[in-house]
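Visitor: upload-v5.txt is the file, holding compact mmCIF, C-alpha atoms:
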```
# COMPACT_ATOMS: atom_id res chain seq x y z
CA ARG A 1 54.55 145.94 104.35
CA ILE A 2 58.09 146.38 105.66
CA LEU A 3 59.37 144.27 102.79
CA LYS A 4 58.98 146.51 99.76
CA ILE A 5 57.65 145.02 96.56
CA MET A 6 59.94 145.81 93.69
CA GLU A 7 58.89 148.90 91.83
CA ALA A 8 56.05 148.06 89.49
CA PRO A 9 56.77 148.50 85.79
CA LYS A 10 55.47 151.63 84.14
CA VAL A 11 51.78 151.48 83.12
CA LEU A 12 51.61 151.56 79.33
CA LYS A 13 47.85 152.04 79.14
CA ASP A 14 45.11 152.66 81.71
CA TYR A 15 42.09 150.36 81.32
CA SER A 16 40.39 151.45 84.53
CA ASP A 17 37.44 153.21 82.82
CA GLU A 18 36.71 150.24 80.57
CA VAL A 19 37.04 147.80 83.50
CA ASN A 20 34.70 149.83 85.69
CA VAL A 21 32.05 149.72 82.92
CA GLN A 22 32.52 146.07 81.89
CA LEU A 23 32.90 144.51 85.34
CA PRO A 24 29.26 144.90 86.55
CA LEU A 25 27.91 143.86 83.13
CA ILE A 26 29.88 140.59 83.28
CA VAL A 27 29.69 139.76 87.01
CA ASP A 28 26.10 140.64 88.01
CA PRO A 29 24.32 138.26 85.57
CA ALA A 30 26.80 135.48 86.42
CA LYS A 31 25.98 135.80 90.13
CA VAL A 32 22.31 135.22 89.38
CA ASP A 33 22.62 132.44 86.80
CA VAL A 34 25.20 129.73 87.49
CA GLY A 35 25.03 128.79 83.80
CA LEU A 36 26.74 132.08 82.98
CA LEU A 37 29.61 131.42 85.41
CA GLN A 38 32.07 129.86 82.95
CA PRO A 39 31.47 132.39 80.12
CA ALA A 40 31.79 135.27 82.62
CA ILE A 41 35.12 133.92 83.93
CA GLU A 42 36.43 133.58 80.36
CA GLN A 43 35.48 137.20 79.63
CA LEU A 44 37.14 138.39 82.84
CA LEU A 45 40.31 136.44 82.05
CA ALA A 46 40.45 137.88 78.54
CA LEU A 47 40.08 141.39 79.93
CA GLU A 48 42.65 140.61 82.64
CA LYS A 49 45.14 139.60 79.93
CA LYS A 50 44.76 142.97 78.21
CA THR A 51 45.37 144.87 81.48
CA ARG A 52 48.29 142.63 82.49
CA LEU A 53 50.15 143.10 79.20
CA VAL A 54 50.09 146.87 79.62
CA ASN A 55 51.11 146.65 83.31
CA ASP A 56 47.79 148.08 84.59
CA ALA A 57 48.11 146.45 88.02
CA ALA A 58 45.05 148.11 89.60
CA SER A 59 42.67 146.94 86.86
CA SER A 60 44.27 143.50 86.63
CA LYS A 61 43.85 143.05 90.38
CA LEU A 62 40.15 144.00 90.25
CA LEU A 63 39.51 141.45 87.50
CA ALA A 64 41.43 138.67 89.26
CA ILE A 65 39.49 139.24 92.48
CA ALA A 66 36.23 139.28 90.51
CA VAL A 67 37.03 135.82 89.12
CA LEU A 68 37.62 134.44 92.61
CA ASP A 69 34.52 136.16 94.00
CA LEU A 70 32.34 134.42 91.41
CA CYS A 71 33.78 131.02 92.37
CA ILE A 72 33.21 131.79 96.07
CA HIS A 73 29.68 133.12 95.44
CA HIS A 74 28.67 129.85 93.76
CA LYS A 75 30.66 127.78 96.29
CA ASP A 76 32.60 126.06 93.54
CA TRP A 77 35.70 125.32 95.62
CA LYS A 78 37.40 123.16 93.00
CA LEU A 79 37.07 125.96 90.46
CA LEU A 80 38.39 128.41 93.05
CA GLY A 81 41.56 126.36 93.53
CA GLU A 82 42.07 126.02 89.77
CA HIS A 83 41.85 129.78 89.22
CA VAL A 84 44.11 130.60 92.16
CA THR A 85 46.78 128.58 90.35
CA LEU A 86 45.88 129.93 86.91
CA LEU A 87 45.87 133.60 87.90
CA SER A 88 49.09 133.30 89.93
CA LYS A 89 51.04 131.49 87.21
CA ARG A 90 49.92 133.44 84.15
CA HIS A 91 52.74 134.74 81.99
CA ALA A 92 54.30 137.99 83.29
CA GLN A 93 51.78 138.13 86.12
CA LEU A 94 52.18 141.23 88.30
CA LYS A 95 53.27 140.78 91.91
CA GLN A 96 50.44 142.97 93.20
CA VAL A 97 47.92 140.65 91.52
CA ILE A 98 49.48 137.50 93.00
CA ILE A 99 49.37 139.06 96.48
CA ALA A 100 45.70 140.03 96.03
CA VAL A 101 44.78 136.54 94.76
CA ILE A 102 46.46 134.76 97.69
CA GLN A 103 44.96 137.15 100.23
CA ALA A 104 41.46 136.72 98.78
CA ALA A 105 41.76 132.92 98.80
CA LEU A 106 43.13 132.98 102.34
CA ALA A 107 40.18 135.10 103.49
CA ALA A 108 37.77 132.58 101.93
CA LEU A 109 39.09 129.61 103.90
CA ASP A 110 36.49 130.01 106.66
CA LEU A 111 33.72 129.59 104.09
CA LEU A 112 34.86 126.15 102.97
CA PRO A 113 32.55 123.41 104.30
CA ASP A 114 35.00 120.64 105.23
CA VAL A 115 38.58 119.94 106.22
CA GLU A 116 39.44 118.18 102.95
CA SER A 117 38.52 121.15 100.77
CA LYS A 118 40.37 123.54 103.12
CA THR A 119 43.47 121.37 103.02
CA GLU A 120 43.36 121.14 99.23
CA LEU A 121 43.05 124.92 98.82
CA ILE A 122 45.86 125.60 101.30
CA GLU A 123 48.15 123.16 99.49
CA ILE A 124 47.41 124.97 96.23
CA MET A 125 48.18 128.35 97.80
CA ARG A 126 51.37 127.05 99.43
CA ASP A 127 52.53 125.70 96.08
CA VAL A 128 51.91 129.07 94.44
CA SER A 129 53.51 131.06 97.30
CA LYS A 130 56.59 128.95 97.98
CA GLY A 131 59.82 130.86 97.46
CA LYS A 132 58.13 134.23 96.83
CA MET A 133 59.39 136.76 99.39
CA TYR A 134 56.59 139.24 98.72
CA ILE A 135 53.96 136.79 100.01
CA GLU A 136 56.04 135.14 102.76
CA LEU A 137 53.67 136.50 105.42
CA GLU A 138 50.65 134.84 103.81
CA TYR A 139 52.68 131.65 103.29
CA ALA A 140 53.51 131.56 107.01
CA ARG A 141 49.88 132.12 108.01
CA MET A 142 48.46 129.43 105.73
CA SER A 143 51.17 127.02 106.91
CA LYS A 144 50.05 127.60 110.48
CA ILE A 145 46.44 126.82 109.52
CA LEU A 146 47.53 123.63 107.73
CA SER A 147 49.65 122.62 110.72
CA LYS A 148 46.61 122.99 112.98
CA ILE A 149 44.55 120.81 110.65
CA ARG A 150 47.22 118.10 110.71
CA GLU A 151 47.47 118.29 114.50
CA ASP A 152 43.70 117.98 114.90
CA SER A 153 43.80 114.85 112.76
CA GLY A 154 46.42 113.37 115.09
CA ASP A 155 49.45 113.73 112.80
CA ILE A 156 51.68 115.67 115.24
CA SER A 157 54.92 114.89 113.39
CA THR A 158 53.69 116.36 110.09
CA ALA A 159 52.17 119.36 111.88
CA SER A 160 55.53 120.09 113.49
CA GLU A 161 57.45 119.67 110.22
CA ILE A 162 55.15 122.13 108.42
CA LEU A 163 55.84 124.87 110.98
CA GLN A 164 59.58 124.13 111.27
CA ASP A 165 60.01 124.87 107.56
CA ILE A 166 59.20 128.53 108.24
CA GLN A 167 62.11 130.71 109.43
CA ILE A 168 59.66 133.02 111.11
CA GLU A 169 62.32 135.12 112.88
CA THR A 170 63.46 136.51 109.48
CA LEU A 171 60.01 137.80 108.49
CA GLY A 172 60.22 141.58 108.76
CA SER A 173 56.62 142.03 107.63
CA MET A 174 55.11 140.21 110.63
CA GLU A 175 54.24 142.02 113.86
CA TYR A 176 56.32 141.01 116.87
CA ASP A 177 53.43 139.56 118.91
CA GLU A 178 52.30 137.40 115.97
CA LYS A 179 55.90 136.28 115.45
CA VAL A 180 56.22 135.25 119.12
CA ASP A 181 52.91 133.39 118.92
CA TYR A 182 54.23 131.54 115.86
CA LEU A 183 57.49 130.63 117.61
CA LEU A 184 55.55 129.39 120.63
CA GLU A 185 53.54 127.09 118.37
CA GLN A 186 56.79 125.81 116.86
CA LEU A 187 58.15 125.20 120.37
CA ARG A 188 54.99 123.42 121.53
CA LEU A 189 54.77 121.15 118.50
CA THR A 190 58.45 120.18 118.60
CA MET A 191 57.93 119.02 122.18
CA GLU A 192 54.66 117.27 121.29
CA SER A 193 56.54 115.35 118.60
CA GLY A 194 59.33 114.49 121.08
CA ASN A 195 62.04 116.55 119.37
CA PHE A 196 63.44 118.27 122.48
CA VAL A 197 66.77 119.09 120.81
CA ARG A 198 64.97 121.21 118.20
CA ALA A 199 62.75 122.66 120.92
CA GLU A 200 65.78 124.07 122.71
CA LEU A 201 66.93 125.80 119.51
CA VAL A 202 63.48 127.32 118.97
CA SER A 203 63.29 128.58 122.57
CA HIS A 204 66.48 130.62 122.06
CA LYS A 205 64.77 132.58 119.25
CA ILE A 206 62.44 134.30 121.75
CA SER A 207 63.83 137.22 123.74
CA PRO A 208 62.61 137.13 127.39
CA GLN A 209 63.65 140.78 127.76
CA LYS A 210 61.26 141.92 125.01
CA LEU A 211 58.43 139.93 126.61
CA ASN A 212 59.08 141.75 129.90
CA ASP A 213 59.21 145.18 128.25
CA SER A 214 55.60 145.17 127.03
CA GLU A 215 52.45 144.70 129.11
CA LYS A 216 50.42 143.60 126.08
CA LEU A 217 52.71 140.57 125.72
CA GLN A 218 51.94 139.20 129.20
CA ALA A 219 49.79 136.34 127.88
CA LEU A 220 52.54 135.33 125.44
CA LYS A 221 55.12 135.59 128.25
CA LEU A 222 53.11 133.18 130.42
CA ARG A 223 52.76 130.73 127.52
CA PHE A 224 56.50 130.94 126.85
CA TYR A 225 57.53 130.23 130.44
CA ASN A 226 54.98 127.43 130.85
CA LEU A 227 56.46 125.77 127.75
CA LEU A 228 59.97 126.30 129.15
CA ILE A 229 58.88 124.65 132.40
CA ARG A 230 57.63 121.65 130.46
CA PHE A 231 60.91 121.49 128.51
CA HIS A 232 63.18 121.78 131.56
CA LYS A 233 61.11 119.30 133.58
CA HIS A 234 61.69 116.77 130.83
CA SER A 235 65.47 117.17 131.23
CA ASP A 236 65.31 117.59 135.04
CA THR A 237 67.10 120.97 134.95
CA PHE A 238 65.46 122.12 138.17
CA LEU A 239 67.24 125.47 138.39
CA GLU A 240 65.80 126.58 135.03
CA VAL A 241 62.33 125.36 136.08
CA SER A 242 62.57 127.48 139.24
CA LYS A 243 63.68 130.54 137.23
CA ALA A 244 60.71 130.11 134.88
CA TYR A 245 58.24 129.87 137.76
CA LEU A 246 59.80 132.98 139.30
CA GLU A 247 59.32 134.89 136.02
CA ILE A 248 55.67 133.82 136.00
CA PHE A 249 55.31 134.95 139.63
CA GLN A 250 56.70 138.40 138.78
CA THR A 251 54.22 138.95 135.92
CA PRO A 252 51.68 141.71 136.83
CA SER A 253 48.64 139.67 135.73
CA VAL A 254 49.74 136.80 138.02
CA GLN A 255 50.46 139.13 140.93
CA SER A 256 46.83 140.26 140.86
CA ASP A 257 45.57 136.66 141.27
CA PRO A 258 46.35 135.21 144.76
CA ASN A 259 45.94 131.59 143.66
CA ALA A 260 48.19 132.08 140.63
CA TRP A 261 51.08 133.80 142.42
CA LYS A 262 50.97 131.35 145.33
CA ASP A 263 51.19 128.41 142.94
CA SER A 264 54.06 129.90 140.92
CA LEU A 265 56.05 131.00 143.99
CA LYS A 266 55.51 127.64 145.69
CA ASN A 267 56.84 125.82 142.61
CA ALA A 268 59.80 128.20 142.36
CA VAL A 269 60.72 127.21 145.93
CA ILE A 270 60.23 123.47 145.29
CA PHE A 271 62.47 123.33 142.24
CA VAL A 272 65.22 125.59 143.61
CA ALA A 273 65.29 123.24 146.62
CA LEU A 274 65.72 120.28 144.26
CA ALA A 275 68.43 121.92 142.13
CA PRO A 276 72.04 120.69 142.56
CA PHE A 277 73.88 123.23 144.70
CA ASP A 278 76.21 125.83 143.17
CA SER A 279 76.71 129.59 143.47
CA GLU A 280 73.81 130.35 141.11
CA VAL A 281 71.42 128.12 143.05
CA SER A 282 72.56 129.73 146.32
CA ASP A 283 71.93 133.21 144.89
CA LEU A 284 68.46 132.27 143.65
CA ARG A 285 67.53 130.75 147.03
CA HIS A 286 68.46 133.98 148.80
CA ARG A 287 66.57 136.09 146.23
CA ILE A 288 63.40 134.02 146.62
CA LEU A 289 63.79 134.09 150.40
CA SER A 290 63.79 137.90 150.31
CA GLU A 291 60.34 137.91 148.67
CA LYS A 292 57.86 139.30 151.22
CA LYS A 293 54.94 137.19 150.00
CA LEU A 294 56.86 134.02 150.85
CA LYS A 295 55.83 134.53 154.49
CA GLN A 296 52.32 133.41 153.52
CA LEU A 297 53.52 129.99 152.31
CA GLY A 298 54.58 128.44 155.62
CA SER A 299 56.73 125.37 155.07
CA PHE A 300 57.96 126.67 151.71
CA ARG A 301 59.65 129.58 153.44
CA GLU A 302 60.88 127.28 156.19
CA ILE A 303 62.79 125.00 153.82
CA LEU A 304 64.61 127.95 152.24
CA ASP A 305 65.48 129.20 155.72
CA LEU A 306 67.00 125.82 156.50
CA LEU A 307 68.85 125.53 153.20
CA THR A 308 70.40 128.99 153.48
CA THR A 309 71.70 128.71 157.07
CA ASP A 310 74.52 126.64 158.56
CA ARG A 311 72.27 124.29 160.50
CA LEU A 312 71.77 120.55 160.14
CA MET A 313 68.42 119.40 158.78
CA SER A 314 66.67 116.23 159.94
CA TRP A 315 65.28 113.75 157.45
CA PRO A 316 62.41 113.21 156.93
CA LEU A 317 61.45 116.87 157.13
CA ARG A 318 58.95 118.06 159.70
CA PHE A 319 56.52 119.00 156.91
CA ASP A 320 57.17 115.81 154.94
CA ASP A 321 53.49 114.79 154.77
CA GLU A 322 52.47 118.19 153.38
CA TRP A 323 55.09 118.09 150.64
CA ARG A 324 54.30 114.51 149.61
CA LYS A 325 50.76 115.66 148.74
CA ASP A 326 52.12 118.27 146.31
CA PRO A 327 51.67 117.33 142.60
CA SER A 328 55.44 117.77 142.04
CA PHE A 329 56.08 114.77 144.32
CA SER A 330 53.20 112.57 143.23
CA GLU A 331 54.13 108.89 143.35
CA GLU A 332 51.74 108.15 140.49
CA LYS A 333 54.37 109.31 137.98
CA GLU A 334 57.81 107.77 138.01
CA GLN A 335 59.53 111.07 137.16
CA ASP A 336 57.70 112.96 139.92
CA ALA A 337 58.49 110.22 142.45
CA LYS A 338 62.20 110.62 141.67
CA ARG A 339 61.96 114.28 142.68
CA TYR A 340 61.33 113.27 146.26
CA GLU A 341 64.66 111.44 146.19
CA CYS A 342 66.24 114.61 144.79
CA LEU A 343 64.85 116.55 147.76
CA LYS A 344 66.45 114.07 150.14
CA LYS A 345 69.71 114.42 148.26
CA SER A 346 69.57 118.23 148.61
CA VAL A 347 69.05 117.92 152.36
CA VAL A 348 71.92 115.42 152.81
CA GLN A 349 74.28 117.53 150.68
CA HIS A 350 73.37 120.62 152.69
CA ASN A 351 74.18 118.74 155.89
CA LEU A 352 77.53 117.64 154.46
CA ARG A 353 78.44 121.25 153.61
CA VAL A 354 77.52 122.31 157.15
CA VAL A 355 79.63 119.53 158.68
CA SER A 356 82.61 120.45 156.48
CA LYS A 357 82.44 124.03 157.79
CA TYR A 358 82.61 122.97 161.44
CA TYR A 359 84.94 119.96 161.20
CA HIS A 360 88.43 119.73 159.76
CA ARG A 361 88.43 116.01 160.49
CA VAL A 362 85.62 113.72 161.54
CA ARG A 363 85.24 110.02 162.20
CA THR A 364 82.99 108.15 159.78
CA ASP A 365 80.70 106.85 162.53
CA ARG A 366 80.27 110.40 163.84
CA LEU A 367 79.45 111.65 160.33
CA GLN A 368 76.87 108.89 159.92
CA TYR A 369 75.26 109.96 163.19
CA LEU A 370 75.14 113.62 162.12
CA LEU A 371 73.70 112.79 158.69
CA GLU A 372 71.33 110.10 160.04
CA LEU A 373 72.54 107.70 157.31
CA ASP A 374 74.18 104.29 157.18
CA ALA A 375 77.79 103.77 156.05
CA VAL A 376 76.92 102.97 152.43
CA ASP A 377 74.70 106.03 151.87
CA THR A 378 77.14 108.31 153.69
CA GLU A 379 79.98 107.27 151.43
CA LYS A 380 77.77 107.49 148.34
CA TYR A 381 76.65 111.08 148.96
CA LEU A 382 80.13 112.16 150.04
CA SER A 383 81.69 110.64 146.90
CA GLU A 384 79.16 112.36 144.63
CA MET A 385 79.90 115.77 146.14
CA VAL A 386 83.66 115.28 145.87
CA GLN A 387 83.34 114.09 142.27
CA SER A 388 81.21 117.13 141.32
CA LYS A 389 83.70 119.40 143.15
CA GLN A 390 81.06 120.74 145.54
CA LEU A 391 83.25 119.65 148.44
CA PHE A 392 86.83 118.69 149.26
CA ALA A 393 87.20 115.50 151.29
CA ARG A 394 89.67 112.66 151.71
CA MET A 395 88.66 109.40 153.37
CA ASP A 396 90.97 107.08 155.29
CA ARG A 397 88.87 103.92 155.39
CA PRO A 398 91.10 101.77 157.64
CA ALA A 399 91.36 104.55 160.22
CA GLY A 400 87.72 105.58 159.71
CA ILE A 401 88.58 109.28 159.37
CA ILE A 402 87.46 111.88 156.83
CA ASN A 403 89.46 115.08 156.22
CA PHE A 404 87.63 118.14 154.93
CA ARG A 405 90.74 120.33 154.60
CA PRO A 406 93.43 119.83 151.95
CA GLN A 407 97.01 119.47 153.13
CA GLN A 408 99.01 122.67 152.83
CA ASN A 409 102.73 122.97 152.21
CA ALA A 410 104.90 125.49 154.06
CA ASP A 411 104.45 128.18 151.39
CA ASP A 412 100.65 127.94 151.54
CA VAL A 413 100.65 128.17 155.35
CA LEU A 414 103.00 131.16 155.25
CA ASN A 415 100.86 132.95 152.65
CA VAL A 416 97.71 132.44 154.71
CA TRP A 417 99.52 133.67 157.84
CA ALA A 418 100.88 136.74 156.01
CA SER A 419 97.42 137.56 154.66
CA ASP A 420 95.88 137.25 158.12
CA ILE A 421 98.56 139.49 159.67
CA SER A 422 98.09 142.07 156.92
CA ASN A 423 94.33 142.16 157.55
CA LEU A 424 94.90 142.44 161.30
CA LEU A 425 97.33 145.37 160.92
CA THR A 426 94.93 147.13 158.54
CA LYS A 427 92.12 146.85 161.11
CA ILE A 428 94.41 148.06 163.94
CA ASP A 429 95.48 151.07 161.85
CA LYS A 430 91.85 151.93 161.06
CA THR A 431 90.87 151.57 164.73
CA CYS A 432 93.72 153.88 165.83
CA HIS A 433 92.63 156.45 163.26
CA LEU A 434 89.02 156.39 164.49
CA ILE A 435 90.15 156.71 168.14
CA ALA A 436 92.35 159.71 167.26
CA LYS A 437 89.43 161.27 165.39
CA GLU A 438 87.09 160.86 168.36
CA ASN A 439 89.71 162.39 170.74
CA MET A 440 90.09 165.45 168.52
CA ILE A 441 86.30 165.93 168.32
CA HIS A 442 86.05 165.57 172.10
CA GLN A 443 88.82 168.16 172.71
CA ILE A 444 87.23 170.68 170.32
CA GLY A 445 83.86 170.17 172.00
```
Could I get this file's structure written as structure tokens?

Guide:
Amino acid sequence: RILKIMEAPKVLKDYSDEVNVQLPLIVDPAKVDVGLLQPAIEQLLALEKKTRLVNDAASSKLLAIAVLDLCIHHKDWKLLGEHVTLLSKRHAQLKQVIIAVIQAALAALDLLPDVESKTELIEIMRDVSKGKMYIELEYARMSKILSKIREDSGDISTASEILQDIQIETLGSMEYDEKVDYLLEQLRLTMESGNFVRAELVSHKISPQKLNDSEKLQALKLRFYNLLIRFHKHSDTFLEVSKAYLEIFQTPSVQSDPNAWKDSLKNAVIFVALAPFDSEVSDLRHRILSEKKLKQLGSFREILDLLTTDRLMSWPLRFDDEWRKDPSFSEEKEQDAKRYECLKKSVVQHNLRVVSKYYHRVRTDRLQYLLELDAVDTEKYLSEMVQSKQLFARMDRPAGIINFRPQQNADDVLNVWASDISNLLTKIDKTCHLIAKENMIHQIG
């Protein structure tokens, strides 16, 4: 264990020889005859008291385990639960003994015949373990088992609450892969119970960098990003969905499966196309476009080509029928159907950015023609882009003119002119230098 148990008190007397002699004499007959079970347990408990009072942890642990083994051997699960509590709460009980008792009971869970008896034993162990740092690992593990039982019975809310009580990230005694698995279960159950605010907090406890650093964590990495995709789809944060699909695509185990990488790359393209435009979205579109395997995906490469060049796009798209068949645009779900409208919005906004680059001023009827929209939709999309500061525009409705360039005062015009002249003179100076250099090389030659 990373978490050190406090130094055990000094052993006042060693009962190991006596225990080694007495243990078989008490246990073996009791295993054969169930009538001897209770007397044998009483003898073991009396002997355990002697060893406990002199701090003989090794002997006390052997006797405590022997008591539990007898209960397990005779399948007396009620008696097992009673003695887990009794042995753990005895006066001045040694920490090593409590750990051994909880571990033995935890190992016996698979032997219990029904869910009710398992639940009862786990509740007993959780009660004994709560607040004890030296058995926090076992407490976390049994809580996970109990959470699974509650989930299987349909009580998702309780299952989630049981796991959320564990601050698993602070457990130094748990291996990193087990800790990540635990956090992923917390993340999944918070979403299952509809608590997406808590889910976001849990997702920040997992380091994507550590998942990428180790090949043995690939399965956990895929689970993590699939859960993130589910979370971000719920909130329609399409950029984050695209990033998650791209991380899945770049995973070695996915790269070796043609169907898997095609699906993840295709979805990365779909959701980056849906994402509201900004510098980060633009960067991600160019990065995905540089992926060589994208050439094998036809229309999915084509749409990124169109979105990253200064050309107008027609709506509906040429490959509209193909995209409508994709599960991300299924009209069976209301949320998925809205994504098709988001795609149209991305195309219109792209066209508006292209128009603003080529026109300082444009008439509204001309803009409607270029965008292939009516007056109402044209004004709606233009207003949204201006409001979100994706675009500068001023509309003169009576005159029917839209300006895409802000008015500049004399100082602004002069500064722009001075900057342009400075750049021009710098280029002329560099050109003269290169010409002089070439002349000198020619003369030497």

Visitor: Env of Leu382 (chain A): 9 Å cut, atoms = all atoms listed in the file, seq-sep filter 4 positions within chain, self excluded. Answer as a PDB file with C-alpha atoms, keeping the file's coordinate frame.

Guide:
```
ATOM      1  CA  GLN A 349      74.280 117.530 150.680  1.00  0.00           C
ATOM      2  CA  LEU A 352      77.530 117.640 154.460  1.00  0.00           C
ATOM      3  CA  ASP A 377      74.700 106.030 151.870  1.00  0.00           C
ATOM      4  CA  THR A 378      77.140 108.310 153.690  1.00  0.00           C
ATOM      5  CA  VAL A 386      83.660 115.280 145.870  1.00  0.00           C
ATOM      6  CA  GLN A 387      83.340 114.090 142.270  1.00  0.00           C
ATOM      7  CA  LEU A 391      83.250 119.650 148.440  1.00  0.00           C
ATOM      8  CA  ALA A 393      87.200 115.500 151.290  1.00  0.00           C
TER       9      ALA A 393
END
```

Visitor: Go through A:His74, A:Gln368, A:Ser282, A:Ala273 one by one, measure the shortest atom-to-atom distance of each to Leu343 (chain A) using all atoms listed in the file, and give the residue with the smallest value.

Guide: A:Ala273

Visitor: Env of Lys221 (chain A): 12 Å cut, atoms = only C-alpha atoms, seq-sep filter 4 positions within chain, self excluded. Answer as a VMD selection string.

Guide: chain A and resid 177 180 to 181 183 to 184 206 to 217 225 to 228 244 to 245 247 to 254

Visitor: Between CA of Phe271 (chain A) and CA of Leu187 (chain A), measure the distance and give it in Å to one decimal.

Guide: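 Separating CA of Phe271 (chain A) from CA of Leu187 (chain A) is a distance of 22.4 Å.
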
Visitor: Do you know which residues are at most 12 Å from Tyr340 (chain A) counting only C-alpha atoms, after dropping those on the same chain fewer than 6 positions away, and could you put them as a ChimeraX atom specification?

Guide: /A:270-271,273-275,315-317,320-321,323-331,333-334,346-347

Visitor: Can you tell me how far CA of Asp56 (chain A) sits from CA of Val11 (chain A), in Å to one decimal?

Guide: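 If I compute the distance from CA of Asp56 (chain A) to CA of Val11 (chain A), I get 5.4 Å.
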
Visitor: Please identify all polymer residues within 6 Å of region 240-243 of chain A, counting only C-alpha atoms, omitting same-chain residues fewer than 6 positions from it, and present them as a list in words.

Guide: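 So the residues in contact are Ile229, His232, Ala268, Phe271 and Val272 of chain A.
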
Visitor: As a list of chain:residue names, please: the residues near region 162-173 of chain A (cut-off 9 Å, only C-alpha atoms, same-chain neighbours under 6 positions excluded).

Guide: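 The residues satisfying every condition are A:Arg1, A:Ile2, A:Leu3, A:Glu136, A:Leu137, A:Tyr139, A:Ala140, A:Ser143, A:Lys144, A:Leu146, A:Ser147, A:Lys179, A:Val180, A:Tyr182, A:Leu183, A:Glu185, A:Gln186, A:Leu189, A:Thr190, A:Lys205, A:Ile206.
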
Visitor: Can you spit out the residues from that selection as a short mmCIF file (atom, residue, chain, number, x, y, z; two decimals), in the coordinates of the input, using C-alpha atoms?

Guide:
```
data_model
loop_
_atom_site.label_atom_id
_atom_site.label_comp_id
_atom_site.auth_asym_id
_atom_site.auth_seq_id
_atom_site.Cartn_x
_atom_site.Cartn_y
_atom_site.Cartn_z
CA ARG A 1 54.55 145.94 104.35
CA ILE A 2 58.09 146.38 105.66
CA LEU A 3 59.37 144.27 102.79
CA GLU A 136 56.04 135.14 102.76
CA LEU A 137 53.67 136.50 105.42
CA TYR A 139 52.68 131.65 103.29
CA ALA A 140 53.51 131.56 107.01
CA SER A 143 51.17 127.02 106.91
CA LYS A 144 50.05 127.60 110.48
CA LEU A 146 47.53 123.63 107.73
CA SER A 147 49.65 122.62 110.72
CA LYS A 179 55.90 136.28 115.45
CA VAL A 180 56.22 135.25 119.12
CA TYR A 182 54.23 131.54 115.86
CA LEU A 183 57.49 130.63 117.61
CA GLU A 185 53.54 127.09 118.37
CA GLN A 186 56.79 125.81 116.86
CA LEU A 189 54.77 121.15 118.50
CA THR A 190 58.45 120.18 118.60
CA LYS A 205 64.77 132.58 119.25
CA ILE A 206 62.44 134.30 121.75
#
```

Visitor: A:Glu280, A:Glu384, A:Asp69, A:Glu341: which is nearest Lys31 (chain A), counting only C-alpha atoms?

Guide: A:Asp69

Visitor: For a cutoff of 12 Å around the file-coordinate point (39.3, 128.6, 87.4), which residues qualify once you count all atoms listed in the file? I'd like the result as a count of residues only.

Guide: 30

Visitor: Find, counting all atoms listed in the file, the residue in A:Leu367, A:Arg141, A:Glu116, A:Leu62 that gets nearest to Pro24 (chain A).

Guide: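 The closest residue to Pro24 (chain A) is A:Leu62.
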
Visitor: How many Å lie between CA of Leu12 (chain A) and CA of Ala105 (chain A), rounded to one decimal?

Guide: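 Answer for the CA of Leu12 (chain A) to CA of Ala105 (chain A) separation: 28.7 Å.
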
Visitor: Can you find the residues with an atom no farther than 10 Å from (46.4, 146.0, 90.8), counting all atoms listed in the file, and report them as a list in words?

Guide: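 Every residue inside that radius is included here: Ala8, Thr51, Arg52, Asn55, Asp56, Ala57, Ala58, Ser59, Ser60, Lys61, Leu62, Leu63, Ala64, Ile65, Leu94, Lys95, Gln96, Val97, Ile98, Ile99 and Ala100 of chain A.
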